[in-house]
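Please read the structure below before turning to the comments.
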Amino acid sequence: MLPLLLSIFTLSGFAAAHLAAFHEAMYCFNGTTAGQVNYNTNDAVNPLWDLAQSDYWFHHVNNCDQFPPAPGDVLELYVFTCVTLSFVYVFSNDATTYSPAGGSFTVEIAGNRGVTSYSFNGEYATEWTDGQNHTGSTDVLTQATYSSEGCVVDPNIHTQNETMASGTAFAISYNSELSQVTLDNLVVFSVLYNTPWKRVTTYDVPAAMPACPSGGCICAWVWIPNGCGEPNIYMEGFKCTVTNAMSTTPVGTPKAPVWCESDQSECVQGPKQIMIWNQLEGNNIEVSGNDLSGMPKSPAYNAKCGFQNGAQNDIFATSTSSKRMVARHKRPATAL
Ligand SMILES: *[C@@H]1O[C@H](CO)[C@@H](O)[C@H](O)[C@H]1NC(C)=O
Ligand SMILES: *[C@@H]1O[C@H](CO)[C@@H](O)[C@H](O)[C@H]1NC(C)=O
Ligand SMILES: *[C@@H]1O[C@H](CO)[C@@H](O)[C@H](O)[C@H]1NC(C)=O
């Protein structure tokens, strides 16, 4: 098996691979050839650049969106992990004022399914995204190739180090069919700064996420690297559901984020869309000039575009209730 695996990696240009979030609930988990299971698939990892909307949307460019996960393979978004918290939540008059911590879910960010736990019993999976054993401090990758600009190019994680990693995000649409998902009903609900970096990656879930329709929800993993290569975006789909939902307040209609690095008061508050950038059509964010560090501006799922780290707790209901939530957020944790 090993020689076969290695030769496939070589043939598919594994060294030049990019990244996706792997989970059995992803679209094209088994690749994009009907009736075949590709344990080395990297169909979801390829970046999206300069494409028509029909092509970038859920990675249709190589038909990834045409291969839904098997029935029952669903990414479960746990709203609560702890019985006590849900008890408090149920018995509070105004649930949003408590904003208890939500649960979390885990995916594996990698360049190829072959180096995740989802293939070959995890035999080729390491701590890292490329199946190699890098060592040293978390901010410097040993046994990696750096470009002359100081970017890690092998593995191709599009960053100089962990601190510079731009952030990745998950968005949710309360629709069960991928064909029903639009930019206007796909809401970013979780952001993780300083990713992608390692393979196993855990995202927080807002505690107030309502339940999905009976057919489940559609989720998307998204990433825009900060330079270190072509200015691409990444997008892939998942079947997902919200488990243990307590709140019934729906998520609001998302707005397009704006660049607000130097003035956080300019950031878009409340529910936000995923960012479509450098495509042929449908772009919802434009930037020009340099960021505060002197590099060309690159939209990102971090504070530069108004995304807080972790669960996005401001995506629900009316504008008045979200303002109140911000104000009362400052209560000491002991209020719980
Ligand atoms: C993908 O392959 C796995 C075996 O690894 C199988 O259990 C699953 O049903 C396949 N999914 C689809 C959608 O064919
Ligand atoms: C990584 O380290 C583990 C544990 O020492 C070892 O089993 C594995 O073969 C190593 N993988 C590579 C690609 O060197
Ligand atoms: C990370 O990379 C940036 C950009 O090259 C650099 O300014 C910073 O010092 C690096 N951080 C560490 C901890 O190496």
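A note on labels: chains of the structure tokens are A, B, ... as shown, every chain counts residues from 1, and ligands are counted from 1 in their shown order.
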
Residues of region 75-209 of chain A in helix (DSSP H, G or I) according to DSSP, as a list in words?
-> Val83, Thr84, Leu85, Ser86, Phe87, Val88, Tyr89, Val90, Phe91, Ala95, Thr96, Thr97, Arg113, Gly114, Val115, Phe120, Asn121, Gly122, Leu178, Ser179 and Gln180 of chain A

Would you put the residues from that selection into a file with N, CA and C atoms, as a CSV table (one decimal), in the first residue's frame?
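And here is the file that came out, out-v9.csv:
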```csv
chain,number,residue,atom,x,y,z
A,83,VAL,N,-24.8,19.6,30.8
A,83,VAL,CA,-26.2,19.6,31.2
A,83,VAL,C,-26.5,20.9,32.0
A,84,THR,N,-25.6,21.2,32.9
A,84,THR,CA,-25.8,22.4,33.8
A,84,THR,C,-26.1,23.7,33.0
A,85,LEU,N,-25.3,23.8,32.0
A,85,LEU,CA,-25.5,25.0,31.2
A,85,LEU,C,-26.8,25.1,30.5
A,86,SER,N,-27.3,24.0,30.0
A,86,SER,CA,-28.6,24.0,29.3
A,86,SER,C,-29.7,24.2,30.3
A,87,PHE,N,-29.5,23.7,31.6
A,87,PHE,CA,-30.5,24.0,32.6
A,87,PHE,C,-30.6,25.5,32.8
A,88,VAL,N,-29.5,26.1,33.0
A,88,VAL,CA,-29.5,27.6,33.2
A,88,VAL,C,-30.1,28.3,32.1
A,89,TYR,N,-29.8,27.8,30.9
A,89,TYR,CA,-30.3,28.5,29.7
A,89,TYR,C,-31.8,28.4,29.6
A,90,VAL,N,-32.3,27.2,29.8
A,90,VAL,CA,-33.8,27.0,29.7
A,90,VAL,C,-34.5,27.9,30.7
A,91,PHE,N,-34.0,28.0,31.9
A,91,PHE,CA,-34.7,28.7,33.0
A,91,PHE,C,-34.4,30.2,33.1
A,95,ALA,N,-32.8,34.4,27.4
A,95,ALA,CA,-31.7,33.5,27.2
A,95,ALA,C,-30.5,34.2,26.7
A,96,THR,N,-30.7,35.2,25.8
A,96,THR,CA,-29.6,35.8,25.1
A,96,THR,C,-28.7,36.6,26.1
A,97,THR,N,-29.2,37.0,27.3
A,97,THR,CA,-28.4,37.7,28.2
A,97,THR,C,-27.3,36.9,28.9
A,113,ARG,N,-7.0,13.4,1.7
A,113,ARG,CA,-7.7,12.6,2.6
A,113,ARG,C,-6.7,11.5,3.1
A,114,GLY,N,-5.7,11.1,2.3
A,114,GLY,CA,-4.8,10.0,2.7
A,114,GLY,C,-4.0,10.3,3.9
A,115,VAL,N,-3.9,11.6,4.3
A,115,VAL,CA,-3.1,11.9,5.5
A,115,VAL,C,-4.0,12.3,6.7
A,120,PHE,N,-6.9,4.7,5.5
A,120,PHE,CA,-5.9,3.8,5.9
A,120,PHE,C,-5.8,3.8,7.5
A,121,ASN,N,-6.9,3.8,8.1
A,121,ASN,CA,-6.9,3.8,9.6
A,121,ASN,C,-6.0,4.8,10.2
A,122,GLY,N,-5.8,5.9,9.5
A,122,GLY,CA,-5.0,7.0,10.1
A,122,GLY,C,-3.5,6.7,10.1
A,178,LEU,N,-28.5,21.8,-0.9
A,178,LEU,CA,-27.4,22.7,-1.3
A,178,LEU,C,-27.8,23.7,-2.4
A,179,SER,N,-28.8,23.3,-3.2
A,179,SER,CA,-29.3,24.2,-4.3
A,179,SER,C,-30.0,25.4,-3.7
A,180,GLN,N,-30.5,25.3,-2.4
A,180,GLN,CA,-31.2,26.4,-1.8
A,180,GLN,C,-30.3,27.5,-1.2
```

What are the closest atom pairs, with distances in Å to one decimal, for all residues of chain A lying within 6 Å of ligand 3? Consider only C-alpha atoms and all ligand atoms, order rows by chain and residue number, and present the result as JSON lines.
```
{"residue": "A:Asp139", "atom": "CA", "partner": "ligand 3", "partner_atom_place_in_ligand_line": "13 (C)", "distance": 5.2}
{"residue": "A:Gln160", "atom": "CA", "partner": "ligand 3", "partner_atom_place_in_ligand_line": "2 (O)", "distance": 4.8}
{"residue": "A:Asn161", "atom": "CA", "partner": "ligand 3", "partner_atom_place_in_ligand_line": "1 (C)", "distance": 4.9}
{"residue": "A:Thr163", "atom": "CA", "partner": "ligand 3", "partner_atom_place_in_ligand_line": "1 (C)", "distance": 5.8}
{"residue": "A:Met164", "atom": "CA", "partner": "ligand 3", "partner_atom_place_in_ligand_line": "1 (C)", "distance": 5.6}
```

For Ala300 (chain A), which residue out of A:Ile233, A:Val242, A:Val268, A:Ile315 is the nearest one, using only C-alpha atoms?
->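 Among the listed residues, A:Ile233 lies closest to Ala300 (chain A).
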
Exercise answer, 6 Å around ligand 2 with only C-alpha atoms and all ligand atoms, as an MDAnalysis selection string | chainID A and resid 131:133

As a list of chain:residue names, please: all residues of region 134-230 of chain A that backbone DSSP puts in strand (DSSP E).
->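 Of region 134-230 of chain A, the ones in strand (DSSP E) are A:Thr145, A:Tyr146, A:Val152, A:Val153, A:Asp154, A:Thr168, A:Ala169, A:Phe170, A:Ala171, A:Ile172, A:Ser173, A:Val187, A:Val188, A:Phe189, A:Ser190, A:Val191, A:Leu192, A:Val200, A:Thr201, A:Thr202, A:Tyr203, A:Asp204, A:Cys217, A:Ile218, A:Cys219, A:Ala220, A:Trp221, A:Val222, A:Trp223.
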
Give one line per residue of region 221-245 of chain A that approaches region 185-194 of chain A to at most 12 Å, naming the two atoms of the closest pair and their distance in Å to one decimal, counting only C-alpha atoms; sort by chain then ascending residue number and deliver it as a tab-separated table.
```
residue	atom	partner	partner_atom	distance
A:Trp221	CA	A:Val188	CA	9.3
A:Val222	CA	A:Val188	CA	9.1
A:Trp223	CA	A:Val191	CA	9.8
A:Ile224	CA	A:Tyr193	CA	11.7
A:Pro225	CA	A:Asn194	CA	10.5
A:Asn226	CA	A:Asn194	CA	10.9
A:Gly237	CA	A:Leu186	CA	11.3
A:Val242	CA	A:Phe189	CA	11.8
```

Set the cut-off to 12 Å, count only C-alpha atoms and all ligand atoms, and list whatever residues fall near ligand 1 as a PyMOL selection string.
-> chain A and resi 23-41+64-74+113-114+117-121+238-239

For Glu286 (chain A), work out the shell of residues within 9 Å, counting only C-alpha atoms and skipping chain neighbours fewer than 3 positions away, then give it as a ChimeraX atom specification.
-> /A:258-259,277-278,283,299

Atomic separation - CA of Asp204 (chain A) relative to CA of Thr241 (chain A), Å = 14.2 Å

Mind giving me the straight-line distance from CA of Ala311 (chain A) to CA of Ser104 (chain A) in Å, one decimal?
->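 Distance reported for this atom pair: 9.0 Å.
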
Using only C-alpha atoms, determine which residues lie at most 8 Å from region 209-220 of chain A, disregarding the query and same-chain residues fewer than 2 positions distant; provide the list as number ranges by chain.
-> A: 58, 79, 170-178, 181, 186, 205-207, 222, 235-251
